[in-house]
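Report on the following structure.
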Amino acid sequence: MRKYVLDTSVFLNQIHPDGVLFTIQEVVDEIRNSASKNYFSNLVQIGLSVDSPTPDSISDVKKMAEYTGDIGKLSETDIKLIALAKTKSATIVSSDFAIQNVSLALELKWISPDRKGIKSLLLWKWRCEACFYIFEKPLKECKICGSSLRAVRK
């Protein structure tokens, strides 16, 4: 039976695949509306497990997210979700493009609950919106002129 790690979008869309289901506590904490909470409760009753990734998997995900340029787009929750998919050798279920991109880079399978997703691996760099200087890593502001940075494809 296939294994799946569920992102918050699964509970919002109330669509999940059949298989062995996992999520992390941080996702549970993000569930706010009553319909999503009821959906979560129903999935727990049929076997959804709340689990944690290994520290090595978290480290691997962070390294790959830096490589792809998605590190600034991923929350700690996102990183832990991808890491749990890596830990469990599971498919991640998420509509988040950055999660899909890093999963693809790690050769993890992913599916989107709303059927929208990335088409291929994307690598990012950051360009200053004022002086157009290019940075390989995300920063809060341009080191040259202090303006904001924008992610652009490499």
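Going through the structure tokens in order, the chains are called A, B, and so on, while each chain numbers its residues from 1 and the ligands are numbered from 1 in the order shown.
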Find the spatial neighbours of region 93-108 of chain A, counting only C-alpha atoms, within a cut-off of 6 Å - ignore same-chain residues fewer than 2 positions away - and output them as a PDB file with N, CA and C atoms, in the first residue's frame.
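Listing of part.pdb after writing:
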```pdb
ATOM      1  N   VAL A   5       2.279  11.636   2.753  1.00  0.00           N
ATOM      2  CA  VAL A   5       2.434  12.669   3.784  1.00  0.00           C
ATOM      3  C   VAL A   5       1.546  13.836   3.365  1.00  0.00           C
ATOM      4  N   LEU A   6       0.649  14.240   4.258  1.00  0.00           N
ATOM      5  CA  LEU A   6      -0.372  15.226   3.936  1.00  0.00           C
ATOM      6  C   LEU A   6      -0.029  16.618   4.442  1.00  0.00           C
ATOM      7  N   ASP A   7      -0.121  17.590   3.544  1.00  0.00           N
ATOM      8  CA  ASP A   7       0.054  19.007   3.854  1.00  0.00           C
ATOM      9  C   ASP A   7      -1.303  19.582   4.281  1.00  0.00           C
ATOM     10  N   ALA A  65      16.894  22.609  -0.587  1.00  0.00           N
ATOM     11  CA  ALA A  65      16.127  23.853  -0.747  1.00  0.00           C
ATOM     12  C   ALA A  65      17.060  25.027  -0.999  1.00  0.00           C
ATOM     13  N   ASP A  70      14.714  27.544  -3.085  1.00  0.00           N
ATOM     14  CA  ASP A  70      13.399  27.599  -2.444  1.00  0.00           C
ATOM     15  C   ASP A  70      13.468  27.822  -0.939  1.00  0.00           C
ATOM     16  N   TRP A 110       5.363  13.431  -5.616  1.00  0.00           N
ATOM     17  CA  TRP A 110       4.393  14.351  -5.033  1.00  0.00           C
ATOM     18  C   TRP A 110       3.137  14.340  -5.893  1.00  0.00           C
ATOM     19  N   ILE A 111       2.026  14.662  -5.256  1.00  0.00           N
ATOM     20  CA  ILE A 111       0.778  14.888  -5.961  1.00  0.00           C
ATOM     21  C   ILE A 111       0.119  16.106  -5.335  1.00  0.00           C
ATOM     22  N   SER A 112      -0.739  16.756  -6.095  1.00  0.00           N
ATOM     23  CA  SER A 112      -1.439  17.928  -5.604  1.00  0.00           C
ATOM     24  C   SER A 112      -2.916  17.593  -5.409  1.00  0.00           C
ATOM     25  N   LEU A 121      11.495  20.841 -12.670  1.00  0.00           N
ATOM     26  CA  LEU A 121      12.323  21.402 -11.614  1.00  0.00           C
ATOM     27  C   LEU A 121      12.708  22.842 -11.943  1.00  0.00           C
TER      28      LEU A 121
END
```
Give me the region 8-61 of chain A side of the contact with region 72-89 of chain A, cut-off 10 Å, one line per residue showing its nearest atom pair and distance in Å at one decimal, counting only C-alpha atoms, sorted by chain and residue number, as a Markdown table.
```
| residue | atom | partner | partner_atom | distance |
| --- | --- | --- | --- | --- |
| A:Thr8 | CA | A:Asp78 | CA | 9.7 |
| A:Phe22 | CA | A:Leu84 | CA | 8.3 |
| A:Thr23 | CA | A:Leu81 | CA | 7.1 |
| A:Ile24 | CA | A:Leu81 | CA | 6.7 |
| A:Gln25 | CA | A:Thr77 | CA | 8.9 |
| A:Glu26 | CA | A:Thr77 | CA | 5.9 |
| A:Val27 | CA | A:Thr77 | CA | 7.0 |
| A:Glu30 | CA | A:Thr77 | CA | 9.5 |
| A:Asp51 | CA | A:Leu84 | CA | 7.7 |
| A:Ser52 | CA | A:Leu84 | CA | 6.3 |
| A:Pro53 | CA | A:Leu84 | CA | 4.3 |
| A:Thr54 | CA | A:Thr87 | CA | 6.3 |
| A:Pro55 | CA | A:Ala83 | CA | 8.4 |
| A:Asp56 | CA | A:Ala83 | CA | 8.4 |
| A:Ser57 | CA | A:Ala83 | CA | 4.8 |
| A:Ile58 | CA | A:Ala83 | CA | 5.1 |
| A:Ser59 | CA | A:Ala83 | CA | 8.3 |
| A:Asp60 | CA | A:Ala83 | CA | 7.7 |
| A:Val61 | CA | A:Ala83 | CA | 6.1 |
```
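Here the question is which of A:Ile144, A:Ser9, A:Leu123, A:Val20 gets nearest to Glu66 (chain A) using only C-alpha atoms, and that residue is A:Leu123.
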Item to complete: List the neighbours of Trp126 (chain A) out to 10 Å using only C-alpha atoms; skip same-chain residues closer than 6 positions along the sequence, and give me the result as an MDAnalysis selection string.
Response: chainID A and resid 69 132:139 142 148:154
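Comparing the minimum interatomic distances between Tyr39 (chain A) and each of A:Lys109, A:Arg127, A:Lys63, A:His16, counting only C-alpha atoms, we find that A:His16 sits nearest.
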